[in-house]
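Visitor: To be precise about what I am sending: the file is called target29.cif and holds mmCIF, C-alpha atoms.
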data_work
loop_
_atom_site.label_atom_id
_atom_site.label_comp_id
_atom_site.auth_asym_id
_atom_site.auth_seq_id
_atom_site.Cartn_x
_atom_site.Cartn_y
_atom_site.Cartn_z
CA MET F 1 49.73 -11.17 -51.18
CA GLY F 2 51.69 -8.31 -49.49
CA LEU F 3 53.10 -7.28 -46.17
CA GLY F 4 53.75 -3.84 -44.67
CA ARG F 5 55.55 -2.96 -41.45
CA THR F 6 56.10 -0.03 -39.14
CA SER F 7 56.39 0.55 -35.37
CA ALA F 8 54.50 2.09 -32.48
CA VAL F 9 54.90 2.10 -28.69
CA ALA F 10 52.66 0.54 -26.04
CA LEU F 11 52.84 1.98 -22.52
CA VAL F 12 52.35 -0.17 -19.44
CA GLY F 13 52.55 2.32 -16.61
CA LEU F 14 55.62 4.40 -17.43
CA VAL F 15 57.37 1.54 -19.23
CA GLY F 16 57.24 1.74 -23.02
CA HIS F 17 57.43 -1.30 -25.29
CA VAL F 18 58.16 -0.95 -29.01
CA VAL F 19 55.40 -2.73 -30.94
CA GLU F 20 55.86 -3.95 -34.50
CA VAL F 21 52.74 -3.20 -36.55
CA GLU F 22 52.36 -5.64 -39.46
CA ALA F 23 49.71 -5.36 -42.15
CA HIS F 24 48.89 -8.29 -44.42
CA VAL F 25 46.60 -8.43 -47.46
CA ALA F 26 45.23 -11.70 -48.81
CA SER F 27 42.60 -12.74 -51.30
CA GLY F 28 39.09 -13.22 -50.01
CA LEU F 29 36.05 -11.23 -49.06
CA PRO F 30 36.80 -7.67 -47.95
CA ALA F 31 37.49 -7.60 -44.20
CA PHE F 32 39.63 -5.64 -41.74
CA THR F 33 40.89 -7.37 -38.60
CA ILE F 34 43.24 -6.14 -35.86
CA VAL F 35 44.85 -8.84 -33.71
CA GLY F 36 47.37 -8.75 -30.85
CA LEU F 37 45.26 -7.99 -27.75
CA PRO F 38 43.81 -4.60 -28.78
CA ASP F 39 41.31 -2.92 -26.47
CA ALA F 40 37.99 -1.47 -27.61
CA SER F 41 39.37 1.95 -28.59
CA LEU F 42 42.16 0.34 -30.61
CA SER F 43 39.75 -2.04 -32.35
CA GLU F 44 37.74 1.01 -33.44
CA ALA F 45 40.81 2.20 -35.34
CA ARG F 46 39.52 0.23 -38.34
CA ASP F 47 36.81 2.80 -39.07
CA ARG F 48 39.04 5.79 -38.31
CA VAL F 49 41.82 4.51 -40.58
CA ARG F 50 39.47 3.73 -43.47
CA ALA F 51 37.94 7.20 -43.38
CA ALA F 52 41.32 8.97 -42.93
CA VAL F 53 42.90 7.12 -45.88
CA ALA F 54 39.91 7.93 -48.08
CA SER F 55 40.16 11.61 -47.06
CA CYS F 56 43.72 11.64 -48.47
CA GLY F 57 42.45 10.53 -51.89
CA LEU F 58 44.00 7.09 -51.40
CA GLY F 59 42.40 3.69 -51.08
CA LEU F 60 42.98 0.43 -49.26
CA PRO F 61 42.90 -2.88 -51.12
CA ARG F 62 39.37 -4.33 -51.23
CA GLN F 63 40.60 -7.66 -49.92
CA ARG F 64 41.12 -9.35 -46.58
CA LEU F 65 43.28 -7.03 -44.42
CA THR F 66 44.90 -8.21 -41.19
CA VAL F 67 46.90 -5.99 -38.85
CA ASN F 68 49.03 -7.72 -36.23
CA LEU F 69 50.48 -5.97 -33.19
CA SER F 70 53.58 -7.81 -32.01
CA PRO F 71 54.36 -8.99 -29.36
CA ALA F 72 50.85 -10.41 -29.36
CA ALA F 73 50.86 -11.23 -25.63
CA LEU F 74 51.29 -7.57 -24.61
CA PRO F 75 47.96 -5.73 -24.11
CA LYS F 76 47.62 -2.61 -26.28
CA SER F 77 45.24 0.24 -25.64
CA GLY F 78 44.33 3.70 -26.80
CA PRO F 79 44.05 5.48 -30.13
CA GLY F 80 47.79 6.22 -30.32
CA PHE F 81 48.23 3.27 -32.71
CA ASP F 82 46.00 4.78 -35.43
CA LEU F 83 48.83 6.35 -37.40
CA ALA F 84 51.01 3.23 -37.32
CA VAL F 85 48.09 1.06 -38.50
CA ALA F 86 47.40 3.45 -41.38
CA VAL F 87 51.05 3.59 -42.47
CA ALA F 88 51.39 -0.21 -42.37
CA LEU F 89 48.26 -0.59 -44.52
CA LEU F 90 49.45 2.02 -47.01
CA ALA F 91 52.76 0.14 -47.22
CA VAL F 92 50.79 -2.92 -48.29
CA ALA F 93 49.26 -0.77 -51.04
CA ASP F 94 52.80 -0.26 -52.51
CA LEU F 95 53.48 3.16 -50.96
CA PRO F 96 56.95 4.27 -52.18
CA GLY F 97 59.58 4.52 -49.50
CA THR F 98 58.15 1.79 -47.30
CA GLY F 99 61.64 0.82 -46.17
CA ALA F 100 61.92 4.06 -44.23
CA ALA F 101 58.44 3.56 -42.79
CA ALA F 102 59.45 0.17 -41.42
CA HIS F 103 62.18 1.75 -39.28
CA THR F 104 60.12 4.72 -38.08
CA VAL F 105 57.95 4.88 -34.98
CA HIS F 106 54.53 6.43 -35.60
CA LEU F 107 52.41 7.84 -32.79
CA GLY F 108 49.10 9.63 -33.13
CA GLU F 109 45.32 9.46 -33.28
CA LEU F 110 43.57 9.92 -36.62
CA GLY F 111 40.46 11.93 -37.27
CA LEU F 112 38.01 10.93 -39.99
CA ASP F 113 39.31 13.76 -42.19
CA GLY F 114 42.92 12.54 -41.88
CA ARG F 115 44.05 15.09 -39.31
CA LEU F 116 46.30 13.92 -36.49
CA HIS F 117 45.22 14.50 -32.91
CA PRO F 118 47.60 14.49 -29.91
CA VAL F 119 47.85 11.55 -27.55
CA ALA F 120 48.94 11.21 -23.93
CA GLY F 121 52.23 9.66 -22.81
CA VAL F 122 54.38 10.83 -25.74
CA LEU F 123 57.43 11.61 -23.57
CA PRO F 124 57.89 8.08 -22.10
CA ALA F 125 56.90 6.53 -25.45
CA VAL F 126 59.56 8.45 -27.40
CA ALA F 127 62.13 7.72 -24.69
CA ALA F 128 61.38 3.99 -25.01
CA ALA F 129 61.72 4.15 -28.80
CA VAL F 130 65.10 5.88 -28.58
CA ARG F 131 66.35 3.32 -26.04
CA ALA F 132 65.26 0.55 -28.43
CA GLY F 133 67.32 2.06 -31.28
CA ARG F 134 64.39 3.69 -33.13
CA PRO F 135 65.24 7.42 -33.10
CA GLU F 136 63.04 8.30 -36.11
CA ILE F 137 59.70 9.39 -34.65
CA VAL F 138 56.58 10.79 -36.33
CA VAL F 139 54.17 12.51 -33.95
CA PRO F 140 51.25 14.95 -34.19
CA ALA F 141 52.34 18.57 -34.32
CA GLU F 142 50.78 19.25 -30.90
CA ASN F 143 53.02 16.58 -29.34
CA ALA F 144 56.22 17.72 -31.08
CA ALA F 145 57.48 19.99 -28.29
CA GLU F 146 57.06 17.19 -25.77
CA ALA F 147 58.72 14.59 -28.01
CA ARG F 148 61.73 16.84 -28.61
CA LEU F 149 62.49 16.86 -24.89
CA VAL F 150 63.99 13.38 -25.35
CA PRO F 151 67.71 13.56 -26.26
CA GLY F 152 68.60 11.71 -29.45
CA ALA F 153 65.10 11.65 -30.92
CA ARG F 154 64.67 12.81 -34.53
CA VAL F 155 61.12 14.08 -34.39
CA HIS F 156 58.96 14.77 -37.44
CA ALA F 157 55.84 16.78 -36.63
CA VAL F 158 52.83 16.36 -38.92
CA ARG F 159 49.23 17.58 -38.91
CA HIS F 160 47.69 15.30 -41.55
CA LEU F 161 48.05 11.73 -42.75
CA ALA F 162 48.88 13.01 -46.23
CA GLU F 163 52.02 14.66 -44.81
CA VAL F 164 53.17 11.27 -43.55
CA VAL F 165 52.62 9.75 -46.99
CA VAL F 166 54.71 12.50 -48.61
CA HIS F 167 57.36 12.20 -45.89
CA HIS F 168 57.86 8.54 -46.81
CA GLY F 169 58.08 9.26 -50.53
CA GLY F 170 54.49 8.76 -51.60
CA ARG F 171 52.15 11.07 -53.46
CA ALA F 172 49.17 12.71 -51.81
CA ALA F 173 47.52 16.10 -51.81
CA VAL F 174 48.42 17.75 -48.52
CA PRO F 175 45.56 20.00 -47.36
CA VAL F 176 46.11 23.16 -45.38
CA VAL F 177 45.35 22.29 -41.77
CA PRO F 178 44.96 25.32 -39.48
CA PRO F 179 46.51 24.97 -36.03
CA PRO F 180 43.96 23.89 -33.44
CA PRO F 181 42.90 26.26 -30.66
CA PRO F 182 44.82 25.98 -27.38
CA ARG F 183 43.66 23.05 -25.31
CA ASP F 184 42.41 23.75 -21.82
CA ARG F 185 44.12 21.64 -19.19
CA ASP F 186 42.90 20.84 -15.73
CA ARG F 187 45.68 22.78 -14.05
CA PRO F 188 49.31 23.68 -14.68
CA ALA F 189 51.46 21.08 -12.95
CA ASP F 190 54.44 23.43 -12.80
CA ARG F 191 52.72 26.50 -11.41
CA ARG F 192 54.63 29.06 -9.36
CA PRO F 193 54.87 27.88 -5.74
CA ALA F 194 53.27 29.96 -3.01
CA ASP F 195 55.61 31.81 -0.66
CA LEU F 196 55.78 31.06 3.06
CA ALA F 197 56.38 34.79 3.60
CA ASP F 198 52.64 35.25 3.09
CA VAL F 199 51.98 33.55 6.44
CA LEU F 200 51.92 35.85 9.46
CA GLY F 201 52.69 34.36 12.85
CA GLN F 202 52.31 30.56 13.20
CA ASP F 203 55.93 30.13 14.31
CA GLU F 204 55.46 26.55 15.46
CA ALA F 205 53.65 25.48 12.27
CA ARG F 206 56.22 27.26 10.08
CA PHE F 207 59.03 25.45 11.86
CA ALA F 208 57.20 22.14 11.34
CA LEU F 209 57.00 22.84 7.61
CA GLU F 210 60.72 23.56 7.45
CA VAL F 211 61.57 20.35 9.30
CA ALA F 212 59.23 18.35 7.05
CA ALA F 213 60.82 19.80 3.91
CA ALA F 214 64.37 19.30 5.14
CA GLY F 215 63.92 15.74 6.38
CA GLY F 216 61.19 14.40 4.12
CA HIS F 217 58.76 13.91 7.01
CA HIS F 218 55.01 13.52 6.61
CA LEU F 219 52.93 16.12 8.41
CA PHE F 220 49.55 16.28 10.18
CA LEU F 221 47.98 19.66 10.96
CA VAL F 222 45.07 19.93 13.41
CA GLY F 223 43.24 23.16 14.11
CA ALA F 224 39.98 25.04 13.98
CA PRO F 225 38.59 26.19 10.63
CA GLY F 226 40.24 29.35 9.34
CA VAL F 227 43.52 29.17 11.27
CA GLY F 228 45.57 28.67 8.06
CA LYS F 229 46.11 24.90 7.70
CA THR F 230 45.45 24.89 3.95
CA MET F 231 47.52 28.04 3.45
CA LEU F 232 50.47 26.48 5.24
CA ALA F 233 50.27 23.20 3.32
CA ALA F 234 50.11 24.99 -0.05
CA ARG F 235 53.43 26.69 0.75
CA LEU F 236 55.38 23.53 1.52
CA PRO F 237 56.42 22.92 -2.14
CA GLY F 238 58.08 26.35 -2.13
CA LEU F 239 60.54 25.08 0.49
CA LEU F 240 61.58 22.09 -1.64
CA PRO F 241 64.53 22.35 -4.07
CA ASP F 242 64.19 22.16 -7.84
CA LEU F 243 64.13 18.70 -9.39
CA ASP F 244 67.34 17.41 -10.93
CA ASP F 245 67.38 16.12 -14.52
CA GLU F 246 66.51 12.51 -13.69
CA ALA F 247 63.70 13.46 -11.31
CA ALA F 248 62.35 16.06 -13.76
CA VAL F 249 62.08 13.47 -16.54
CA GLU F 250 60.38 11.02 -14.19
CA VAL F 251 57.85 13.57 -12.91
CA THR F 252 57.19 14.91 -16.40
CA SER F 253 56.57 11.38 -17.70
CA VAL F 254 53.91 10.80 -15.05
CA HIS F 255 52.11 14.01 -15.96
CA SER F 256 52.46 13.19 -19.67
CA VAL F 257 50.71 9.85 -19.19
CA ALA F 258 48.07 11.54 -17.04
CA GLY F 259 47.45 14.13 -19.76
CA THR F 260 48.16 17.14 -17.52
CA PHE F 261 51.54 18.14 -18.94
CA ASP F 262 51.98 21.38 -20.89
CA PRO F 263 55.17 20.99 -22.97
CA SER F 264 55.50 24.72 -23.70
CA GLY F 265 57.43 25.20 -20.45
CA GLY F 266 59.82 22.26 -20.89
CA LEU F 267 60.44 19.64 -18.24
CA LEU F 268 58.75 20.12 -14.88
CA ARG F 269 61.42 21.49 -12.57
CA ARG F 270 59.32 22.38 -9.51
CA PRO F 271 57.91 19.77 -7.11
CA PRO F 272 54.22 19.22 -7.88
CA PHE F 273 51.36 19.86 -5.45
CA GLU F 274 48.20 17.74 -5.55
CA ASP F 275 45.16 18.34 -3.35
CA PRO F 276 42.32 15.95 -4.24
CA HIS F 277 38.86 16.64 -2.82
CA HIS F 278 37.71 14.48 0.08
CA THR F 279 35.05 12.90 -2.17
CA ALA F 280 37.73 11.45 -4.49
CA THR F 281 37.56 7.72 -5.18
CA PRO F 282 40.46 5.31 -4.64
CA ALA F 283 41.04 5.18 -8.42
CA ALA F 284 41.29 8.98 -8.54
CA VAL F 285 43.84 9.10 -5.73
CA VAL F 286 46.03 6.04 -6.34
CA GLY F 287 45.27 5.51 -10.03
CA GLY F 288 43.41 2.92 -12.03
CA GLY F 289 40.86 2.48 -14.76
CA SER F 290 39.11 -0.46 -16.35
CA GLY F 291 41.05 -0.35 -19.62
CA VAL F 292 43.91 2.14 -19.63
CA VAL F 293 45.52 2.34 -16.19
CA ARG F 294 46.13 6.02 -15.49
CA PRO F 295 48.14 7.54 -12.62
CA GLY F 296 46.19 9.13 -9.79
CA ALA F 297 46.87 12.12 -7.57
CA ALA F 298 49.39 10.16 -5.49
CA SER F 299 51.58 9.50 -8.55
CA ARG F 300 51.12 13.01 -9.92
CA ALA F 301 52.45 14.24 -6.56
CA HIS F 302 55.67 12.22 -7.03
CA ARG F 303 58.69 14.20 -5.76
CA GLY F 304 56.26 16.79 -4.42
CA VAL F 305 53.40 17.16 -1.93
CA LEU F 306 50.09 15.30 -1.61
CA PHE F 307 47.70 17.33 0.54
CA LEU F 308 44.57 15.77 2.04
CA ASP F 309 42.42 18.58 3.39
CA GLU F 310 39.68 17.44 5.79
CA ALA F 311 41.51 14.10 5.96
CA PRO F 312 38.96 12.33 8.24
CA GLU F 313 36.30 12.92 5.57
CA PHE F 314 38.18 10.78 3.02
CA SER F 315 36.96 7.25 2.42
CA PRO F 316 38.75 4.66 4.60
CA ARG F 317 39.62 2.77 1.40
CA VAL F 318 41.42 5.85 0.07
CA LEU F 319 43.36 6.39 3.28
CA GLN F 320 44.40 2.75 3.57
CA SER F 321 45.45 2.60 -0.09
CA LEU F 322 48.13 5.21 0.67
CA ARG F 323 50.00 2.81 2.93
CA GLN F 324 51.77 1.11 0.00
CA PRO F 325 53.27 4.28 -1.57
CA LEU F 326 54.18 5.67 1.86
CA GLU F 327 56.12 2.49 2.55
CA GLY F 328 57.64 1.67 -0.86
CA GLY F 329 57.52 4.89 -2.86
CA GLU F 330 55.56 3.39 -5.76
CA LEU F 331 52.09 2.18 -6.67
CA VAL F 332 51.45 -1.18 -8.32
CA ILE F 333 48.01 -1.36 -9.94
CA HIS F 334 46.93 -4.85 -10.95
CA ARG F 335 44.37 -5.69 -13.60
CA ALA F 336 43.25 -9.00 -15.06
CA ARG F 337 45.71 -8.97 -17.96
CA THR F 338 48.43 -6.61 -16.81
CA SER F 339 49.90 -4.59 -13.97
CA ALA F 340 51.21 -1.03 -14.07
CA ARG F 341 53.81 0.57 -11.82
CA TYR F 342 53.89 4.30 -11.13
CA PRO F 343 56.33 6.13 -8.86
CA ALA F 344 54.69 7.76 -5.83
CA ARG F 345 57.32 9.10 -3.45
CA PHE F 346 55.71 12.23 -2.00
CA LEU F 347 55.39 14.23 1.20
CA LEU F 348 51.97 13.57 2.71
CA VAL F 349 50.32 16.52 4.46
CA MET F 350 46.97 15.97 6.16
CA ALA F 351 44.78 18.61 7.75
CA ALA F 352 41.80 18.10 10.03
CA ASN F 353 39.51 19.93 12.41
CA PRO F 354 39.65 18.84 16.06
CA CYS F 355 36.03 17.60 15.85
CA PRO F 356 33.16 17.49 13.32
CA CYS F 357 31.96 21.00 14.19
CA GLY F 358 35.52 22.33 14.42
CA LYS F 359 35.01 24.24 17.68
CA ALA F 360 36.76 21.89 20.13
CA VAL F 361 39.67 24.29 20.67
CA GLY F 362 40.88 25.66 23.98
CA LYS F 363 38.28 24.72 26.57
CA GLY F 364 35.90 23.68 23.80
CA LEU F 365 32.98 25.59 25.26
CA GLY F 366 31.47 26.25 21.82
CA CYS F 367 31.69 22.61 20.68
CA THR F 368 28.39 20.80 20.17
CA CYS F 369 29.92 17.36 19.52
CA THR F 370 29.69 14.49 21.98
CA PRO F 371 32.89 12.82 23.22
CA MET F 372 32.02 9.76 21.14
CA GLN F 373 31.69 11.88 17.98
CA ARG F 374 35.08 13.47 18.62
CA ARG F 375 36.82 10.11 19.09
CA ARG F 376 35.10 8.62 16.06
CA TYR F 377 35.99 11.61 13.87
CA LEU F 378 39.77 11.49 14.39
CA GLY F 379 39.64 7.72 14.78
CA ARG F 380 38.99 7.47 11.03
CA LEU F 381 42.71 8.09 10.58
CA ALA F 382 43.77 4.54 11.42
CA GLY F 383 46.90 3.71 13.36
CA PRO F 384 48.94 2.17 10.48
CA LEU F 385 48.55 5.38 8.50
CA MET F 386 49.31 7.72 11.40
CA ASP F 387 52.36 5.62 12.34
CA ARG F 388 53.95 6.85 9.11
CA VAL F 389 53.30 10.52 9.91
CA ASP F 390 56.29 11.83 11.85
CA ILE F 391 55.16 15.37 12.69
CA GLN F 392 51.82 16.28 14.23
CA VAL F 393 51.12 19.94 14.98
CA GLU F 394 48.17 21.73 16.54
CA VAL F 395 47.65 24.99 14.66
CA HIS F 396 46.22 27.92 16.63
CA ALA F 397 44.79 31.21 15.46
CA PRO F 398 47.60 33.81 15.19
CA ALA F 399 47.78 36.40 17.96
CA ARG F 400 46.59 39.91 17.16
CA ALA F 401 50.12 41.25 17.62
CA ALA F 402 51.24 39.13 14.66
CA LEU F 403 48.57 40.72 12.49
#
Would you mind writing the file's structure down as structure tokens?
Guide:
Amino acid sequence: MGLGRTSAVALVGLVGHVVEVEAHVASGLPAFTIVGLPDASLSEARDRVRAAVASCGLGLPRQRLTVNLSPAALPKSGPGFDLAVAVALLAVADLPGTGAAAHTVHLGELGLDGRLHPVAGVLPAVAAAVRAGRPEIVVPAENAAEARLVPGARVHAVRHLAEVVVHHGGRAAVPVVPPPPPRDRDRPADRRPADLADVLGQDEARFALEVAAAGGHHLFLVGAPGVGKTMLAARLPGLLPDLDDEAAVEVTSVHSVAGTFDPSGGLLRRPPFEDPHHTATPAAVVGGGSGVVRPGAASRAHRGVLFLDEAPEFSPRVLQSLRQPLEGGELVIHRARTSARYPARFLLVMAANPCPCGKAVGKGLGCTCTPMQRRRYLGRLAGPLMDRVDIQVEVHAPARAAL
């Protein structure tokens, strides 16, 4: 009978909880059980860990193996526990230096060949471990730059499970693992902001942007297609100041959990800009998911700008779901076994045509919409939402002299 211990981190929203990973071996028929409210992807770690350990030339005891994730009442999800489960099991198999492994936090997903793959949410996870007095962190090499952004963390970057075994004093043949190709990300969250100097004319709309940026006011732009509503909205983040240290860590943590953060540029210092398509679902905008609750566009726009182009075309459920973050500055997403909180304090900018065909400008002689269609179109933006929008501007085509 033996017992091995190490640590990992479970994220609930942006809050990290240090989880003690215990491995126990007992006599009986060979079996491998993970307990402590694991989700489906974490339960599948049994097969990944077995194959990864075998790829290192090591073996697990052919007895009854039980891995416990404590506290047992806290739901755990994702493949980020793979490395901790493997280290705890190897500690049961009398791996030398297990005392150091017990006080080290291990984060990472294992491949069947023993290689470590990066995981999302490393920045808030490492920060939670340091706050809990566990500064020794082992992470995949691709997550090392992100983990080292946390002050006080002693980060050890590894590419293979065998490197972890050697790091803790064991013996294993460390293969040569070539660096993986650069990973394509959806979009850079810290891209260079567009310059308002690109806009010609539009004095009234430009002044509205400046007032919105200075006072934190939400903005609604109405105008015909092609007058520059999208161009104006995309330049609002350029008027906002850089994020201070506390805000930069908070914004970077959200993008780390969402999997859109590129650590090569350090902490995100510029306010983000998110512009979801009008076909986006409520889960895509406010966050959600059946297992792992991920932040949506509203949380990724924290401390920045959330732009809804063609706002009346968004689902009413999406528009109404924005009332909570506009009022309280955060999103609370409830699931059957847990709830996650994400910050969502953003500037909301909505743009819309004056009618479905977009030609109801001036005298509206070219408009083919009926009066009922016009009222119904803008009426999709319900009163409780529009009550929170302080500035409403009608954008006109710039005069020829301005061109």
Visitor: Rank F:Leu149, F:Leu83, F:Val15, F:Val389 by their smallest atom-to-atom distance to Arg46 in chain F, using all atoms listed in the file, and report the top residue only.
Guide: F:Leu83
Visitor: Hey, which of F:Leu348, F:Leu268, F:Leu319, F:Leu331 ends up closest to Leu306 in chain F? Count only C-alpha atoms.
Guide: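 Among F:Leu348, F:Leu268, F:Leu319, F:Leu331, it is F:Leu348 that comes nearest to Leu306 in chain F.
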Visitor: To one decimal place in Å, what is the distance between CA of Ser70 in chain F and CA of Leu161 in chain F?
Guide: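 Pair CA of Ser70 in chain F / CA of Leu161 in chain F returns 23.0 Å.
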Visitor: What is the distance, in Å and to one decimal place, between CA of Met350 in chain F and CA of Asp245 in chain F?
Guide: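 If I compute the distance from CA of Met350 in chain F to CA of Asp245 in chain F, I get 29.1 Å.
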Visitor: Quick one: 4 Å padding each side, axis-aligned, all listed atoms of range 4-17 of chain F - centre and edge lengths in Å to one decimal, as lines of an AutoDock Vina configuration file?
Guide:
center_x = 54.9
center_y = 0.3
center_z = -30.6
size_x = 13.1
size_y = 16.2
size_z = 36.1
Visitor: Report as a count of residues only all protein, DNA and RNA residues lying within 12 Å of Leu322 in chain F, evaluated on only C-alpha atoms, omitting residues in the same chain fewer than 3 positions from it.
Guide: 37
Visitor: Which one is closest to Asp47 in chain F: F:Pro175, F:Gly226, F:Gly16, F:Gly111? Count only C-alpha atoms.
Guide: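 Closest candidate: F:Gly111.
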Visitor: Between CA of Pro79 in chain F and CA of Ala8 in chain F, what is the distance in Å, rounded to a tenth?
Guide: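 Distance between the two atoms: 11.2 Å.
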Visitor: Could you name the residues that touch Pro75 in chain F at 10 Å or less, counting only C-alpha atoms, but leaving out those on the same chain fewer than 3 positions away, as a PDB file with C-alpha atoms, keeping the file's coordinate frame?
Guide:
ATOM      1  CA  ALA F  10      52.660   0.540 -26.040  1.00  0.00           C
ATOM      2  CA  LEU F  11      52.840   1.980 -22.520  1.00  0.00           C
ATOM      3  CA  VAL F  12      52.350  -0.170 -19.440  1.00  0.00           C
ATOM      4  CA  GLY F  36      47.370  -8.750 -30.850  1.00  0.00           C
ATOM      5  CA  LEU F  37      45.260  -7.990 -27.750  1.00  0.00           C
ATOM      6  CA  PRO F  38      43.810  -4.600 -28.780  1.00  0.00           C
ATOM      7  CA  ASP F  39      41.310  -2.920 -26.470  1.00  0.00           C
ATOM      8  CA  LEU F  69      50.480  -5.970 -33.190  1.00  0.00           C
ATOM      9  CA  SER F  70      53.580  -7.810 -32.010  1.00  0.00           C
ATOM     10  CA  PRO F  71      54.360  -8.990 -29.360  1.00  0.00           C
ATOM     11  CA  ALA F  72      50.850 -10.410 -29.360  1.00  0.00           C
ATOM     12  CA  GLY F 291      41.050  -0.350 -19.620  1.00  0.00           C
ATOM     13  CA  VAL F 292      43.910   2.140 -19.630  1.00  0.00           C
ATOM     14  CA  ARG F 337      45.710  -8.970 -17.960  1.00  0.00           C
ATOM     15  CA  THR F 338      48.430  -6.610 -16.810  1.00  0.00           C
TER      16      THR F 338
END
Visitor: Between F:Ala213, F:Glu20, F:Tyr342, F:Ser256, single out the one closest to Gly288 in chain F, counting only C-alpha atoms.
Guide: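 Of the candidates, the smallest distance to Gly288 in chain F is held by F:Tyr342.
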Visitor: Using all atoms listed in the file, pick whichever of F:Val119, F:Leu42, F:Ala73, F:Leu29 has the shortest atom-to-atom distance to Ala141 in chain F.
Guide: F:Val119
Visitor: From the options F:Leu60, F:Ala54, F:Val222, F:Ala311, which residue's atoms come nearest to Pro354 in chain F, counting all atoms listed in the file?
Guide: F:Val222
Visitor: Residues picked by the PyMOL selection byres ((chain F and resi 5) around 6) here, as a list in words?
Guide: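 Checking the PyMOL selection byres ((chain F and resi 5) around 6) against this file, the residues are Gly4, Thr6, Val21, Glu22, Ala88 and Ala102 of chain F.
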Visitor: Filtering to C-alpha atoms, could you give me those residues as a tab-separated table (two decimals), in the coordinates of the input?
Guide:
chain	number	residue	atom	x	y	z
F	4	GLY	CA	53.75	-3.84	-44.67
F	6	THR	CA	56.10	-0.03	-39.14
F	21	VAL	CA	52.74	-3.20	-36.55
F	22	GLU	CA	52.36	-5.64	-39.46
F	88	ALA	CA	51.39	-0.21	-42.37
F	102	ALA	CA	59.45	0.17	-41.42
Visitor: Hey, what's within 8 Å of Pro118 in chain F if we count all atoms listed in the file and toss same-chain stuff fewer than 3 positions away? As a list in words, please?
Guide: Gly108, Glu109, Val139, Pro140, Ala141, Glu142 and Asn143 of chain F
Visitor: For the point (46.6, 9.6, -49.9) in the file's frame, write as a PyMOL selection string all residues with an atom no more than 10 Å away, counting all atoms listed in the file.
Guide: chain F and resi 52-60+90+95+114+161-166+170-174
Visitor: Apply the PyMOL selection byres ((chain F and resi 396) around 10) to the file shown and report the selected residues as a list in words.
Guide: Gly201, Gln202, Glu204, Ala205, Val222, Gly223, Ala224, Pro225, Gly226, Val227, Gly228, Lys229, Val361, Gly362, Val393, Glu394, Val395, Ala397, Pro398 and Ala399 of chain F
Visitor: Could you spell out the hits of the PyMOL selection byres ((chain F and resi 236) around 10) on the shown file, as JSON, numbers by chain?
Guide: {"F": [193, 194, 195, 196, 206, 209, 210, 212, 213, 231, 232, 233, 234, 235, 237, 238, 239, 240, 271, 273, 304, 305, 307, 347, 349]}
